[in-house]
Each structure stands twice: as structure tokens, then as C-alpha cells.
$ cat structure-v5.txt   # compact mmCIF, C-alpha atoms and all ligand atoms
# COMPACT_ATOMS: atom_id res chain seq x y z
CA MET A 3 126.55 127.31 110.40
CA THR A 4 122.74 127.62 110.47
CA ARG A 5 121.03 125.40 112.98
CA LYS A 6 118.24 123.40 111.44
CA LEU A 7 114.86 122.98 113.09
CA TYR A 8 115.34 119.40 114.23
CA SER A 9 119.12 119.37 114.79
CA GLY A 10 119.92 116.95 117.59
CA LYS A 11 116.81 114.83 116.90
CA THR A 12 116.77 111.36 115.38
CA LEU A 13 114.26 109.88 112.98
CA ALA A 14 114.37 106.16 112.19
CA ILE A 15 112.88 104.34 109.23
CA LEU A 16 111.92 100.67 108.92
CA THR A 17 110.40 98.54 106.15
CA GLY A 18 108.16 95.59 107.01
CA GLY A 19 106.23 92.94 105.06
CA GLY A 20 106.76 91.88 101.46
CA ASP A 21 109.23 93.96 99.49
CA THR A 22 108.23 96.16 96.54
CA PRO A 23 110.27 97.94 93.85
CA ALA A 24 109.46 101.30 95.51
CA LEU A 25 110.83 100.73 99.00
CA ASN A 26 114.31 102.15 98.44
CA SER A 27 112.77 105.14 96.72
CA SER A 28 110.53 105.71 99.77
CA ILE A 29 113.46 105.37 102.17
CA GLU A 30 115.64 107.73 100.15
CA SER A 31 112.89 110.32 99.75
CA ILE A 32 112.02 110.33 103.46
CA ARG A 33 115.69 110.31 104.47
CA ASN A 34 116.51 113.30 102.23
CA ARG A 35 113.66 115.42 103.50
CA ALA A 36 114.20 114.51 107.15
CA SER A 37 117.90 115.38 106.78
CA LEU A 38 116.98 118.81 105.42
CA LEU A 39 114.90 119.37 108.55
CA GLY A 40 118.01 118.56 110.58
CA TYR A 41 117.24 115.01 111.75
CA ARG A 42 119.92 112.39 112.03
CA VAL A 43 118.37 109.50 110.08
CA TYR A 44 118.70 105.89 111.14
CA GLY A 45 117.60 102.76 109.35
CA ILE A 46 116.19 99.89 111.37
CA ARG A 47 117.04 96.62 109.66
CA LYS A 48 114.59 93.75 109.02
CA GLY A 49 111.43 95.60 110.03
CA TRP A 50 110.33 95.29 113.65
CA LYS A 51 112.96 92.60 114.15
CA GLY A 52 115.64 95.32 114.14
CA LEU A 53 114.15 96.74 117.34
CA LEU A 54 114.31 93.45 119.24
CA GLY A 55 117.20 92.13 121.33
CA ASP A 56 120.22 94.39 121.04
CA GLY A 57 118.75 96.19 118.03
CA ASP A 58 120.01 96.26 114.45
CA ILE A 59 120.35 99.90 113.45
CA VAL A 60 122.37 101.68 110.77
CA ASP A 61 123.06 105.36 110.15
CA LEU A 62 121.70 106.61 106.82
CA SER A 63 122.79 110.25 107.32
CA HIS A 64 125.25 111.49 104.69
CA GLN A 65 125.39 108.09 102.98
CA PRO A 66 124.98 107.42 99.27
CA TYR A 67 121.62 105.81 98.56
CA ASP A 68 120.07 104.42 95.36
CA GLY A 69 116.33 104.95 95.32
CA TRP A 70 115.88 103.49 91.83
CA TYR A 71 117.17 100.09 92.88
CA GLY A 72 114.26 97.80 93.81
CA GLY A 73 113.74 96.01 97.11
CA THR A 74 114.86 97.44 100.43
CA ALA A 75 118.43 98.10 101.51
CA LEU A 76 117.08 98.04 105.08
CA LEU A 77 115.84 94.46 104.63
CA SER A 78 112.39 93.36 105.66
CA SER A 79 110.60 90.75 107.74
CA ARG A 80 107.09 89.90 108.82
CA THR A 81 107.87 90.30 112.52
CA ASN A 82 104.98 91.25 114.79
CA PRO A 83 106.10 92.82 118.10
CA PHE A 84 102.64 92.27 119.59
CA PRO A 85 101.53 88.87 120.89
CA SER A 86 100.32 86.56 118.13
CA LYS A 87 99.29 82.94 117.82
CA LYS A 88 102.73 82.06 116.51
CA ASN A 89 104.51 84.15 119.11
CA PRO A 90 102.32 84.66 122.23
CA GLU A 91 104.91 86.69 124.13
CA SER A 92 104.77 90.49 123.72
CA ARG A 93 108.03 91.94 122.46
CA VAL A 94 106.82 95.52 122.78
CA PRO A 95 109.03 96.11 125.89
CA GLN A 96 112.09 95.25 123.75
CA VAL A 97 110.96 97.73 121.09
CA LEU A 98 110.45 100.48 123.67
CA ARG A 99 113.80 99.76 125.27
CA ASN A 100 115.63 100.04 121.95
CA LEU A 101 113.84 103.20 120.88
CA GLU A 102 115.12 104.67 124.13
CA ARG A 103 118.63 103.19 123.93
CA TYR A 104 119.21 104.43 120.40
CA GLY A 105 117.64 107.81 121.11
CA ILE A 106 114.98 107.54 118.41
CA ASP A 107 112.57 110.47 118.55
CA VAL A 108 110.33 109.67 115.58
CA LEU A 109 109.66 106.40 113.82
CA VAL A 110 108.56 106.13 110.18
CA THR A 111 107.21 102.69 109.31
CA ILE A 112 106.95 101.81 105.63
CA GLY A 113 104.53 98.95 105.29
CA GLY A 114 101.08 97.63 104.69
CA ASP A 115 98.29 96.92 107.09
CA ASP A 116 100.36 94.66 109.38
CA THR A 117 103.44 96.87 109.83
CA ASN A 118 101.50 100.10 110.07
CA GLY A 119 98.85 98.46 112.23
CA ALA A 120 101.54 97.56 114.78
CA ALA A 121 102.94 101.11 114.54
CA LYS A 122 99.53 102.55 115.20
CA ARG A 123 99.14 100.37 118.32
CA LEU A 124 102.51 101.61 119.58
CA TYR A 125 101.37 105.17 119.01
CA GLU A 126 98.04 104.64 120.73
CA THR A 127 99.15 102.49 123.65
CA GLU A 128 102.66 103.82 124.29
CA GLY A 129 102.54 107.32 122.80
CA ILE A 130 105.46 106.63 120.42
CA PRO A 131 105.62 109.33 117.70
CA VAL A 132 105.06 107.35 114.51
CA ILE A 133 104.27 108.19 110.92
CA GLY A 134 103.11 105.42 108.60
CA PHE A 135 104.08 105.27 104.94
CA PRO A 136 102.05 103.04 102.59
CA LYS A 137 103.41 100.20 100.47
CA THR A 138 102.12 97.04 98.87
CA ILE A 139 102.10 95.55 95.40
CA ASP A 140 98.64 94.15 96.16
CA ASN A 141 97.31 97.73 96.40
CA ASP A 142 94.77 96.66 98.99
CA LEU A 143 95.68 99.07 101.81
CA LYS A 144 92.97 101.64 102.40
CA THR A 145 94.33 105.02 101.25
CA ARG A 146 91.04 106.85 100.65
CA THR A 147 92.17 107.89 97.19
CA MET A 148 89.19 108.92 95.12
CA HIS A 149 88.82 108.10 91.46
CA TYR A 150 86.76 110.66 89.57
CA VAL A 151 85.62 109.31 86.22
CA ASP A 152 82.66 110.61 84.21
CA ASP A 153 79.88 110.91 86.77
CA HIS A 154 81.31 108.27 89.13
CA ILE A 155 83.29 108.81 92.31
CA LEU A 156 84.90 105.59 93.43
CA GLU A 157 87.01 104.90 96.48
CA ALA A 158 90.20 103.55 94.93
CA VAL A 159 93.62 102.80 96.40
CA LEU A 160 97.07 104.03 95.43
CA CYS A 161 99.99 102.47 97.27
CA PRO A 162 103.65 102.88 96.35
CA GLY A 163 104.86 99.58 94.92
CA PHE A 164 101.68 98.93 92.98
CA PRO A 165 102.53 101.15 89.97
CA SER A 166 105.86 99.36 89.37
CA ALA A 167 104.27 95.95 89.91
CA ALA A 168 101.38 96.90 87.60
CA LYS A 169 103.76 97.87 84.81
CA ALA A 170 105.72 94.64 85.25
CA ILE A 171 102.58 92.48 85.10
CA ALA A 172 101.15 94.36 82.10
CA GLU A 173 104.44 93.89 80.22
CA PHE A 174 104.72 90.26 81.30
CA THR A 175 101.24 89.59 79.91
CA ALA A 176 102.04 91.33 76.65
CA ASN A 177 105.10 89.09 76.30
CA ILE A 178 103.40 85.83 77.25
CA LYS A 179 100.82 86.60 74.57
CA THR A 180 103.27 85.71 71.79
CA THR A 181 103.81 82.27 73.31
CA ALA A 182 100.09 81.69 73.76
CA GLU A 183 99.51 82.67 70.13
CA SER A 184 102.36 80.57 68.76
CA HIS A 185 100.87 77.43 70.31
CA GLN A 186 97.22 78.45 70.12
CA ARG A 187 97.01 77.78 73.82
CA ILE A 188 95.18 79.13 76.79
CA MET A 189 97.55 80.63 79.34
CA VAL A 190 96.32 80.81 82.91
CA MET A 191 98.46 83.48 84.56
CA GLU A 192 98.56 83.54 88.35
CA VAL A 193 99.22 86.89 89.98
CA MET A 194 99.91 87.80 93.63
CA GLY A 195 97.01 89.19 95.61
CA ARG A 196 95.68 87.34 98.62
CA ASP A 197 92.48 89.21 99.18
CA ALA A 198 92.17 91.70 96.35
CA GLY A 199 92.41 91.66 92.57
CA TRP A 200 93.95 95.10 91.93
CA LEU A 201 97.16 93.66 90.52
CA THR A 202 95.46 90.88 88.56
CA GLY A 203 93.50 93.57 86.71
CA THR A 204 96.70 94.97 85.23
CA THR A 205 96.95 91.91 82.97
CA THR A 206 94.05 93.30 80.96
CA PHE A 207 96.38 96.13 79.92
CA GLY A 208 98.75 93.53 78.49
CA GLY A 209 96.13 91.54 76.59
CA ALA A 210 94.40 89.21 79.09
CA THR A 211 90.77 88.63 78.10
CA MET A 212 89.46 87.20 81.36
CA ALA A 213 90.47 87.69 84.98
CA LEU A 214 89.38 86.06 88.23
CA VAL A 215 89.70 87.89 91.54
CA PRO A 216 89.39 86.95 95.23
CA GLU A 217 86.47 89.35 95.70
CA VAL A 218 84.21 87.29 93.43
CA HIS A 219 83.94 83.70 94.61
CA MET A 220 84.00 81.02 91.94
CA THR A 221 81.05 78.95 93.11
CA ARG A 222 79.86 75.89 91.24
CA GLU A 223 77.38 78.03 89.26
CA ARG A 224 79.93 80.72 88.39
CA LYS A 225 82.42 78.06 87.33
CA ASP A 226 79.92 76.64 84.82
CA LEU A 227 79.42 80.10 83.31
CA PHE A 228 83.15 80.68 83.31
CA PHE A 229 83.96 77.51 81.35
CA GLU A 230 81.28 78.32 78.77
CA LEU A 231 82.79 81.76 78.27
CA VAL A 232 86.34 80.41 78.10
CA LYS A 233 85.32 78.22 75.18
CA GLU A 234 83.45 81.05 73.48
CA ASN A 235 86.31 83.53 73.88
CA TYR A 236 88.86 81.01 72.66
CA MET A 237 86.88 80.03 69.56
CA ARG A 238 86.14 83.67 68.79
CA HIS A 239 89.79 84.70 69.05
CA PRO A 240 91.31 85.24 65.57
CA LYS A 241 94.53 83.52 66.62
CA LYS A 242 92.92 80.87 68.82
CA ALA A 243 94.77 81.92 71.94
CA LEU A 244 93.59 83.24 75.26
CA ILE A 245 95.08 84.69 78.40
CA ILE A 246 93.17 84.24 81.63
CA ALA A 247 94.56 85.95 84.71
CA VAL A 248 93.84 84.64 88.18
CA SER A 249 94.67 86.06 91.60
CA GLU A 250 96.54 83.67 93.89
CA GLY A 251 93.74 84.18 96.45
CA VAL A 252 90.82 83.23 94.21
CA ARG A 253 88.17 81.19 96.03
CA TRP A 254 87.48 78.21 93.72
CA TYR A 255 84.83 75.51 93.98
CA ASP A 256 86.46 72.14 94.58
CA GLU A 257 84.20 69.37 93.33
CA ALA A 258 85.83 66.64 95.41
CA LYS A 259 85.43 68.62 98.64
CA ASP A 260 82.15 70.28 97.60
CA LYS A 261 83.52 73.54 98.95
CA VAL A 262 84.72 76.95 97.72
CA ASP A 263 88.24 77.58 99.00
CA VAL A 264 91.67 79.09 98.32
CA VAL A 265 94.61 76.97 97.23
CA HIS A 266 97.43 76.94 99.77
CA ALA A 267 101.09 76.72 98.78
CA SER A 268 102.01 75.65 102.29
CA SER A 269 100.40 75.13 105.67
CA GLU A 270 102.78 77.64 107.28
CA THR A 271 101.52 81.01 108.50
CA ASP A 272 103.51 84.16 109.31
CA GLU A 273 103.44 86.08 112.61
CA PHE A 274 100.42 88.04 111.45
CA GLY A 275 98.57 84.78 110.80
CA HIS A 276 98.70 84.87 106.96
CA PRO A 277 98.97 81.56 105.14
CA ARG A 278 100.82 81.25 101.80
CA PHE A 279 98.68 80.83 98.69
CA GLY A 280 99.69 79.43 95.32
CA GLY A 281 98.80 76.85 92.71
CA ILE A 282 95.29 77.88 91.62
CA SER A 283 96.47 78.46 88.00
CA GLY A 284 97.51 74.80 87.64
CA ILE A 285 94.10 73.63 88.85
CA ILE A 286 92.24 75.93 86.48
CA ALA A 287 94.45 75.01 83.50
CA SER A 288 93.91 71.30 84.06
CA GLU A 289 90.14 71.73 84.53
CA ILE A 290 90.01 73.67 81.24
CA THR A 291 91.74 70.82 79.44
CA GLN A 292 89.57 68.16 81.09
CA LYS A 293 86.27 69.94 80.58
CA LEU A 294 86.83 71.68 77.24
CA GLY A 295 89.53 69.58 75.61
CA LEU A 296 91.61 72.71 74.95
CA GLU A 297 95.33 72.98 75.55
CA ALA A 298 96.00 75.13 78.60
CA ARG A 299 99.13 75.98 80.59
CA ALA A 300 99.64 77.56 83.99
CA GLN A 301 102.09 80.42 84.45
CA ILE A 302 102.81 81.65 87.97
CA THR A 303 104.23 85.18 87.87
CA GLY A 304 105.27 84.87 91.53
CA TYR A 305 107.84 87.41 92.70
CA TYR A 306 108.32 89.00 89.28
CA PRO A 307 106.11 92.06 90.01
CA ARG A 308 107.78 92.56 93.40
CA ALA A 309 111.27 92.43 91.93
CA GLY A 310 113.31 94.83 89.81
CA GLN A 311 113.73 98.54 89.66
CA CYS A 312 111.37 101.31 90.70
CA ARG A 313 109.39 102.70 87.74
CA ASN A 314 108.86 106.42 87.06
CA TYR A 315 105.35 106.71 88.48
CA ASP A 316 106.38 105.10 91.75
CA ARG A 317 109.50 107.22 91.98
CA ARG A 318 107.49 110.40 91.82
CA LEU A 319 104.69 109.02 94.00
CA THR A 320 107.11 108.19 96.83
CA GLN A 321 108.73 111.63 96.54
CA THR A 322 105.34 113.34 96.65
CA LEU A 323 104.18 111.38 99.69
CA ALA A 324 107.53 112.10 101.37
CA ASP A 325 106.82 115.83 100.83
CA LYS A 326 103.69 115.30 102.89
CA VAL A 327 105.74 113.59 105.62
CA VAL A 328 107.62 116.90 106.00
CA GLU A 329 104.35 118.64 106.81
CA LEU A 330 103.42 115.93 109.34
CA LEU A 331 106.83 116.24 111.00
CA LEU A 332 106.63 120.02 111.14
CA ASN A 333 103.17 119.85 112.72
CA LYS A 334 104.15 116.92 114.97
CA ASP A 335 101.07 115.30 113.52
CA TYR A 336 101.82 111.69 114.44
CA GLY A 337 99.73 108.56 114.01
CA LYS A 338 99.06 109.59 110.40
CA MET A 339 99.89 108.23 106.96
CA PRO A 340 100.36 110.36 103.80
CA VAL A 341 98.17 109.40 100.84
CA MET A 342 97.11 110.77 97.47
CA LYS A 343 93.69 112.44 97.63
CA LYS A 344 92.75 111.35 94.14
CA ILE A 345 93.94 109.16 91.29
CA VAL A 346 96.03 111.40 89.04
CA PRO A 347 98.37 111.04 86.08
CA PHE A 348 102.15 111.28 86.59
CA GLN A 349 102.45 115.05 86.16
CA GLU A 350 99.81 115.70 88.82
CA LEU A 351 101.65 113.76 91.49
CA GLU A 352 102.16 116.91 93.51
CA GLU A 353 102.03 117.68 97.21
CA PHE A 354 98.83 119.73 96.82
CA ASN A 355 97.06 116.52 95.77
CA THR A 356 98.04 114.69 98.97
CA SER A 357 96.39 114.37 102.33
CA ALA A 358 97.02 112.40 105.50
CA ILE A 359 94.77 109.78 107.02
CA ASP A 360 94.59 108.54 110.54
CA MET A 361 96.50 105.29 110.92
CA GLY A 362 93.45 103.99 112.74
CA ASP A 363 91.57 104.11 109.43
CA ILE A 364 93.90 101.90 107.45
CA GLY A 365 92.77 98.38 106.67
CA ASN A 366 92.20 96.19 103.68
CA GLN A 367 90.36 97.65 100.75
CA PRO A 368 88.93 95.28 98.14
CA LEU A 369 88.15 96.31 94.58
CA PRO A 370 85.04 98.44 94.20
CA ILE A 371 82.54 96.21 92.44
CA GLU A 372 82.23 98.83 89.66
CA TYR A 373 85.75 97.87 88.55
CA TYR A 374 84.69 94.34 87.68
CA ASP A 375 82.42 93.00 84.97
CA LEU A 376 80.67 90.00 86.53
CA ASP A 377 79.16 88.75 83.26
CA GLU A 378 82.34 88.89 81.20
CA PHE A 379 84.64 87.71 84.02
CA THR A 380 86.92 90.64 83.41
CA PHE A 381 87.66 94.20 84.48
CA SER A 382 85.44 97.10 83.51
CA ASP A 383 86.16 100.31 81.59
CA LEU A 384 86.16 102.18 84.91
CA TYR A 385 89.12 100.08 86.04
CA SER A 386 90.88 100.75 82.70
CA ASP A 387 90.51 104.46 83.35
CA PHE A 388 92.00 104.04 86.84
CA LEU A 389 94.94 102.15 85.38
CA ARG A 390 95.47 104.50 82.44
CA ASN A 391 96.32 107.26 84.92
CA ILE A 392 99.10 105.13 86.34
CA LEU A 393 100.42 103.22 83.32
CA ARG A 394 99.55 105.43 80.40
CA GLU A 395 100.05 102.79 77.68
CA VAL A 396 101.83 99.48 77.46
CA HIS A 397 103.31 99.17 73.98
CA TYR A 398 103.37 95.79 72.37
CA HIS A 399 103.43 94.59 68.82
CA ASP A 400 100.66 92.58 67.36
CA PHE A 401 101.09 90.56 64.21
CA ASP A 402 98.67 89.02 61.78
CA THR A 403 98.82 85.28 61.09
CA ASP A 404 96.02 85.29 58.58
CA PHE A 405 98.16 84.63 55.45
CA PRO A 406 96.65 83.40 52.17
CA VAL A 407 96.51 79.60 52.12
CA VAL A 408 98.38 77.91 49.23
CA LEU A 409 96.82 74.89 47.52
CA PRO A 410 98.85 72.16 45.76
CA LYS A 411 99.28 72.56 41.95
CA GLU A 412 96.58 70.85 39.89
CA GLY A 413 97.55 67.47 38.20
O1 LIG A 501 101.87 91.05 100.83
C1 LIG A 501 102.26 91.13 99.53
C2 LIG A 501 102.52 89.79 98.92
O2 LIG A 501 103.27 90.05 97.75
C3 LIG A 501 101.26 88.97 98.62
O3 LIG A 501 100.70 89.27 97.38
C4 LIG A 501 101.78 87.55 98.68
O4 LIG A 501 100.76 86.64 98.99
C5 LIG A 501 102.77 87.65 99.78
O5 LIG A 501 103.28 88.95 99.76
C6 LIG A 501 103.89 86.63 99.73
O6 LIG A 501 104.71 86.86 100.82
P1 LIG A 501 106.02 86.04 101.17
O7 LIG A 501 107.05 86.40 100.15
O8 LIG A 501 106.41 86.52 102.53
O9 LIG A 501 105.67 84.60 101.12
$ encode --input "structure-v5.txt" --output "C-alpha cells"
Amino acid sequence: MTRKLYSGKTLAILTGGGDTPALNSSIESIRNRASLLGYRVYGIRKGWKGLLGDGDIVDLSHQPYDGWYGGTALLSSRTNPFPSKKNPESRVPQVLRNLERYGIDVLVTIGGDDTNGAAKRLYETEGIPVIGFPKTIDNDLKTRTMHYVDDHILEAVLCPGFPSAAKAIAEFTANIKTTAESHQRIMVMEVMGRDAGWLTGTTTFGGATMALVPEVHMTRERKDLFFELVKENYMRHPKKALIIAVSEGVRWYDEAKDKVDVVHASSETDEFGHPRFGGISGIIASEITQKLGLEARAQITGYYPRAGQCRNYDRRLTQTLADKVVELLLNKDYGKMPVMKKIVPFQELEEFNTSAIDMGDIGNQPLPIEYYDLDEFTFSDLYSDFLRNILREVHYHDFDTDFPVVLPKEG
């Protein structure tokens, strides 16, 4: 039997933070490639939590695995091993003890800023060999992925999880459109995204006319302009219907408090200090009705974009980034995260278009302002180009309601 390069070594994978439809695909892709290099592959359950106490570790080597199935078979949590306001005691010694006890040589952390930020600290302060792997439906993790369009070069983001979520939200919007049209209503669709509007923008692919994002604060002045445009867009619409998308983290001027703020769903925070947002769509819908006298309804899309199976683009994206992990492992190039160098269509998701960034450089990346049209309260053509690479087209039927009117018979 041929001895593989890393025979006798163990690589462990964990998933932390909110789930996405691309997590199992990422786990499977990393597991398969690490196995080919000879690693025994472990799964750490429930994110960092699986490295606390006695540890919660499973063996993924030579096991069937379904990478198309959404969510994470390794389970997830928002556990922070470092001291936090919620949990002032450092649990790093427990993590180090378990890495040692289970004989883990390399750790791959699939997560966003929080999970990979903790991994980076472990690498820097304790010298633990870690590789980060990006994920988030919010698409707000800095990946340094450039978007070349016409004569613009924009710093975009491409995180596994976002393409599947984007497709789900675009389709959801296209479907909700028929209900909006049937009742000649305004639908205010709320979409996840605490600090960035990347996902909210995908509604424009499904037929949303206006979209509000956390990056652009809805001050008293902007609200006045917004309501004027809502009325104009509604009246202009041939079917008298309108879809307005709104990020859960939109900062909205509250007249009673005379303050621009987010709407909280609860006063709870997680171990990374994040509060839960939710409910802005209801406030906007009722203000539209009060101020404009138009019928409006709120629709919270909630966990829908996070749920369900991995879509094609994400499947190939996770496989391509896992190819880059092989190179990092071979070079023992730890403390890095694989990313796409540029925004590309499906068929160009290839290893030669990847690169690796220092985990010290990750952080939150808001929308480039060029992606948003401040006057029209919607996304720009540059954003449509970005999205077209990822989604190609969303197909939906449109029907005409402009039938000839029949008058009663004379006398
Ligand atoms: O971090 C991704 C995300 O989907 C955010 O858009 C959302 O605010 C958050 O997770 C909700 O997290 P949880 O399910 O833990 O409340």
C-alpha cells in the first residue's frame, strides 16, 4: 500500500455561526481532499463548543456524506472561546487541552468573522495550525474578491452560502410578486443582513423595485424622499403593485424617539456581542399605510435563505476553495483563508482563480457605494452585473392584466 503524505496526521473541521446551505458541501469537499492527502478527518460538533469540556468529536473518515444537503451535519453554535462580556472566563485552555487530547494536528474553521477571528487569535497567540474557510449568507466577510466591470474595479465579496441564499431570495421575491399584484399591494420584504445589504440586493433580481440597506441610514430627510418615491413608483406601476426590500439591520428614523436606530427582535446578545434584529418591515409597512393611504404588508423572509439545499454555484465554489486548501496544507501555510480572486461565472470557478488571504485581514465588508443608487433607493447596474455572474437569470412568468373593459349593453 502506498503511504500518503500526511498518513498518521489528523485534520479536524468545525462550523461556527449561522448555518448556510453550503456548509455540508464545504465540509465534504475539505474532508475528501484532506483524506486524499492521507489525513484522518475529524468533525468537531457545535463549533468551538465541541472543543470545550470533554470534547465532542466525530470521525468523518470513510463515512458517507451528503454535501448537497443544506445546513451542517457537524452542528453549529455561536460559542466564543475567548473572554467576552457574556462569558468573561477564557476557555482557550480547554480548547488547547482537547486539541492535544484528540491529537488534532490541523484545524479548519468554517465560519464568518467571529469563528475565523477566534481561529486567527489561536494561531497568533498559541501557534495552532489553522486554516479558515469563509461562509455567510450575509456576504459581508472581507474576501478581497475583485469585480471587473467595464472600466470599474470594485472590491466585492464572495462567500460560500451567499449564492444559494441569493437564489432563494430572488425566487422568493419573484413568487411574492404574484400576491402583491393580485391585491395591488405594496409588499415590504425583510431580508437578513445585520450590517450589509448584499443579500437584500438579490430581491431586485426577482422584481423588487426599491431596496433599503444598513449602509445607507434612513434619516428623517431620506425618509421623506423615500415615501415620495414609494407613491410615485406605485402609481406608475402598470399593475399597481410594488415590492420594497429592506435589510433587517436598516437604521430607520423613529419620530417618537427622534433618533435613527435599528429595530431589535430581542434584547439578548450572543457571545460575540451581537443583538438580534427583526421587525423593521412591519414598521415601514404601517408607516406607508399611515402616510400614503396605500395598502402595505410586511413579509419577513427570516431563515428561508439560510435553509434548504446547496445550489450549483455554491457547490462548485466550495469545491474550488477546497482545492486551494490542499495547496495551503501542502505548503503548511497556516493562518490563511482561501478566496476567489475575482467575481466569475460558474464555469470559471477554478483553482487558478483563487488566492489565499491572511486571516488577520478578514473583517466586515459593506457594499461598495457604487452598487447602490441613492436617488432611486435601489441597487445599481454594477450590482446587477455582480449578481448576474452568480445567478445567471431567475425565470419567472409575468402576465398582463390589461384586458379590454366591457360596458353594459345600451337600453
Ligand atoms: O450571521 C448570519 C445571520 O443569518 C444574520 O443575517 C442574522 O442576523 C443572524 O444570522 C441570525 O442569527 P441567529 O439565527 O443565531 O439568531
$ closest_residue --input "structure-v5.txt" --among "A:Pro136, A:Pro162, A:Pro307, A:Pro131" --to "ligand LIG 501 (chain A)" --atoms "all atoms listed in the file"
A:Pro307
$ residues_around --input "structure-v5.txt" --residues "stretch 67-84 of chain A" --least-positions-apart "4" --cutoff "8 Å" --atoms "all atoms listed in the file" --output "NGL selection string"
:A and (16-31 or 45-51 or 91-94 or 97 or 116-117 or 120 or 272-274 or 308-313 or 317)
$ residues_around --input "structure-v5.txt" --residues "A:Pro216" --least-positions-apart "2" --cutoff "10 Å" --atoms "only C-alpha atoms" --output "short mmCIF file (atom, residue, chain, number, x, y, z; two decimals) with C-alpha atoms, in the coordinates of the input"
data_model
loop_
_atom_site.label_atom_id
_atom_site.label_comp_id
_atom_site.auth_asym_id
_atom_site.auth_seq_id
_atom_site.Cartn_x
_atom_site.Cartn_y
_atom_site.Cartn_z
CA GLY A 195 97.01 89.19 95.61
CA ARG A 196 95.68 87.34 98.62
CA ASP A 197 92.48 89.21 99.18
CA ALA A 198 92.17 91.70 96.35
CA GLY A 199 92.41 91.66 92.57
CA TRP A 200 93.95 95.10 91.93
CA THR A 202 95.46 90.88 88.56
CA LEU A 214 89.38 86.06 88.23
CA VAL A 218 84.21 87.29 93.43
CA HIS A 219 83.94 83.70 94.61
CA MET A 220 84.00 81.02 91.94
CA VAL A 248 93.84 84.64 88.18
CA SER A 249 94.67 86.06 91.60
CA GLU A 250 96.54 83.67 93.89
CA GLY A 251 93.74 84.18 96.45
CA VAL A 252 90.82 83.23 94.21
CA ARG A 253 88.17 81.19 96.03
CA TRP A 254 87.48 78.21 93.72
CA VAL A 264 91.67 79.09 98.32
CA PRO A 368 88.93 95.28 98.14
CA LEU A 369 88.15 96.31 94.58
#
$ atom_distance --input "structure-v5.txt" --atom1 "atom CA of A:Glu183" --atom2 "atom CA of A:Arg394"
25.0 Å
$ residues_around --input "structure-v5.txt" --residues "stretch 352-361 of chain A" --least-positions-apart "2" --cutoff "8 Å" --atoms "all atoms listed in the file" --output "number ranges by chain"
A: 118-119, 122, 134, 145-146, 322-323, 325-326, 337-344, 349-350, 363-364
$ closest_residue --input "structure-v5.txt" --among "A:Leu101, A:Met194, A:Ile32, A:Leu38" --to "ligand LIG 501 (chain A)" --atoms "all atoms listed in the file"
A:Met194
$ residues_around --input "structure-v5.txt" --residues "A:Gly281" --least-positions-apart "5" --cutoff "9 Å" --atoms "only C-alpha atoms" --output "MDAnalysis selection string"
chainID A and resid 192 250 265:267 300 302
$ atom_distance --input "structure-v5.txt" --atom1 "atom CA of A:Ala243" --atom2 "atom CA of A:Val193"
19.2 Å
$ closest_residue --input "structure-v5.txt" --among "A:Thr403, A:Thr380, A:Ser269, A:Asn333" --to "A:Leu231" --atoms "all atoms listed in the file"
A:Thr380
$ atom_distance --input "structure-v5.txt" --atom1 "atom CA of A:Leu331" --atom2 "atom CA of A:Tyr104"
19.5 Å
$ closest_residue --input "structure-v5.txt" --among "A:Leu227, A:Ile133, A:Met189, A:Ala36" --to "A:Ala298" --atoms "all atoms listed in the file"
A:Met189
$ closest_residue --input "structure-v5.txt" --among "A:Gly208, A:Gly163, A:Gly413, A:Gly52" --to "A:Thr180" --atoms "only C-alpha atoms"
A:Gly208
